[in-house]
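Reviewing the structure listed below.
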Amino acid sequence: MAKQNYATSSLVIGYALCSSLLAIINKYAVTKFNYPGLLTTLQYFTSAAGVWGLGKLGFLCHDSFNLETAKKFAPAAVVFYLAIFTNTNLLVHANVDTFIVFRSLTPLLVAIADTTFRKQPCPSKLTFLSLVVILGGAVGYVITDSAFSLTAYSWALAYLVTITTEMVYIKHIVTSLGLNTWGYVLYNNLLSLMISPIFWFLTGEHKSVFSAVESRGGESLFHLDAFVAVALSCVFGLLISFFGFAARKAISATAFTVTGVVNKFLTVAINVTIWDKHASPFGLVSLLFTLAGGVLYQQSVSAKGNIAATQNERASEQPKDDSDSADDEEKQKLVSSGERPSA
């Protein structure tokens with residue numbers, strides 16, 4: 001029992017550290033290595049190779065890669081790539097606080113999309129209140145952002161649209177293809193790795209990279225601090241996949257949600273402590289309001305989910321077999337998670 005508690009605590013602590021530090025590490029990486037397209041390509045390679053290697057060693061189990069499934073998964077991979085691409089470019093032009101504010105706005109757009117396009121019921125009073133708090137905090141942050149720039153907020157808007165599209169569209173992909181969690185990570189990153197050279201050339205970043213290599217022999221690309229920053233970003237991207245999925249299985253959904261909320265506050269605290277790349281005091285207060293709205297939203301959704309689960313349990317006449325229950329539980333955990341499964 002003691003060993004099990006120790007293992008569970010280790011997984012939760014590992015997930016908390018990776019989740020709270022990842023955005024800051026990515027910001028540090030794009031500061032030292034100003035090639036966001038190449039950075040994301042390296043991240044995809046690390047995650048895909050890591051999942052494949054750990055699968056070969058028997059540490060995890062993932063679905064095998066096949067062409068038919070890849071064709072069906074390709075549209076989701078494109079949306080995933082665009083979400084990470086806009087995320088990285090947002091961190092190039094804005095601070096971590098701006099990223100967290102716009103990331104926290106996703107429940108608002110998801111609720112609108114669910115009601116408008118998927119014909120879901122209108123949000124409950126508590127859910128509506130939480131969305132208003134999120135919006136109010138975001139507006140307060142934007143109007144007091146002294147580092148406001150059209151470029152940064154254009155990337156922020158693009159990120160908000162793509163990450164919301166990904167969150168809504170991935171629900172359909174997960175339920176229709178039947179991939180397990182690590183299979184999802186493998187397909188996402190491997191297909192994104194195949195897509196990345198296209199955007200690398202479309203954005204013209206390849207010219208900057210080739211120019212740097214020719215003029216300095218690659219020294220500017222592989223300077224020690226840049227190498228360390230990129231390596232940390234890639235490794236933490238893989239680690240958050242491992243600790244995130246492992247923690248979901250080790251603790252309850254409520255505990256995992258609470259851990260995710262605490263991680264965002266830790267990110268803000270660490271970001272304010274270690275450097276000056278953060279918002280003004282009023283901006284930080286607005287950011288905290290946005291996070292508080294996120295807490296209310298998660299509570300309202302969890303309560304609604306518990307009621308629906310109770311009703312379904314009472315209505316069901318025949319229990320599912322163990323394999324179906326495990327498969328449904330795994331899919332539900334993947335869909336309900338707001339954390340990104342890889343760097």
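Starting from 1 in every chain, residues are counted up; chains themselves are A, B, ... following the order of the structure tokens, and ligands are numbered from 1 as listed.
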Name the residues in contact with A:Cys18 at a cut-off of 7 Å, using only C-alpha atoms, excluding same-chain residues fewer than 6 positions from it; report them as number ranges by chain. A: 236, 239-240
Distance table requested - stretch 26-64 of chain A against stretch 70-91 of chain A, cut-off 8 Å, only C-alpha atoms: one row per qualifying residue with the closest atom pair and its distance in Å to one decimal, ordered by chain and rising residue number, as a tab-separated table.
residue	atom	partner	partner_atom	distance
A:Asn26	CA	A:Leu91	CA	7.5
A:Lys27	CA	A:Leu91	CA	5.5
A:Val30	CA	A:Leu91	CA	7.2
A:Pro36	CA	A:Thr88	CA	6.0
A:Gly37	CA	A:Phe85	CA	7.0
A:Thr40	CA	A:Phe85	CA	7.1
For those residues, write N, CA and C atoms to a file as a PDB file, in the first residue's frame.
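And here is the file that came out, part.pdb:
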ATOM      1  N   ASN A  26       9.034  26.436 -23.017  1.00  0.00           N
ATOM      2  CA  ASN A  26       8.823  26.737 -24.436  1.00  0.00           C
ATOM      3  C   ASN A  26       9.115  28.204 -24.742  1.00  0.00           C
ATOM      4  N   LYS A  27       8.736  29.096 -23.834  1.00  0.00           N
ATOM      5  CA  LYS A  27       9.045  30.518 -24.013  1.00  0.00           C
ATOM      6  C   LYS A  27      10.565  30.728 -23.988  1.00  0.00           C
ATOM      7  N   VAL A  30      12.017  29.451 -27.419  1.00  0.00           N
ATOM      8  CA  VAL A  30      11.868  30.328 -28.581  1.00  0.00           C
ATOM      9  C   VAL A  30      12.641  31.630 -28.404  1.00  0.00           C
ATOM     10  N   PRO A  36      10.743  28.931 -34.705  1.00  0.00           N
ATOM     11  CA  PRO A  36       9.609  28.186 -34.141  1.00  0.00           C
ATOM     12  C   PRO A  36       9.205  26.966 -34.966  1.00  0.00           C
ATOM     13  N   GLY A  37       9.296  27.065 -36.294  1.00  0.00           N
ATOM     14  CA  GLY A  37       8.937  25.925 -37.126  1.00  0.00           C
ATOM     15  C   GLY A  37       9.870  24.747 -36.920  1.00  0.00           C
ATOM     16  N   THR A  40       9.259  23.153 -33.379  1.00  0.00           N
ATOM     17  CA  THR A  40       8.128  22.233 -33.294  1.00  0.00           C
ATOM     18  C   THR A  40       8.422  20.924 -34.025  1.00  0.00           C
TER      19      THR A  40
END
Would you please work out which residue, of A:Thr98, A:Thr165, A:Ser47, A:Ser192, is nearest to A:Ile112 when using only C-alpha atoms?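 Among the listed residues, the smallest separation from A:Ile112 belongs to A:Thr165.
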Between atom CA of A:Lys207 and atom CA of A:Ala229, distance in Å (one decimal):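 Going from atom CA of A:Lys207 over to atom CA of A:Ala229, I get 22.0 Å.
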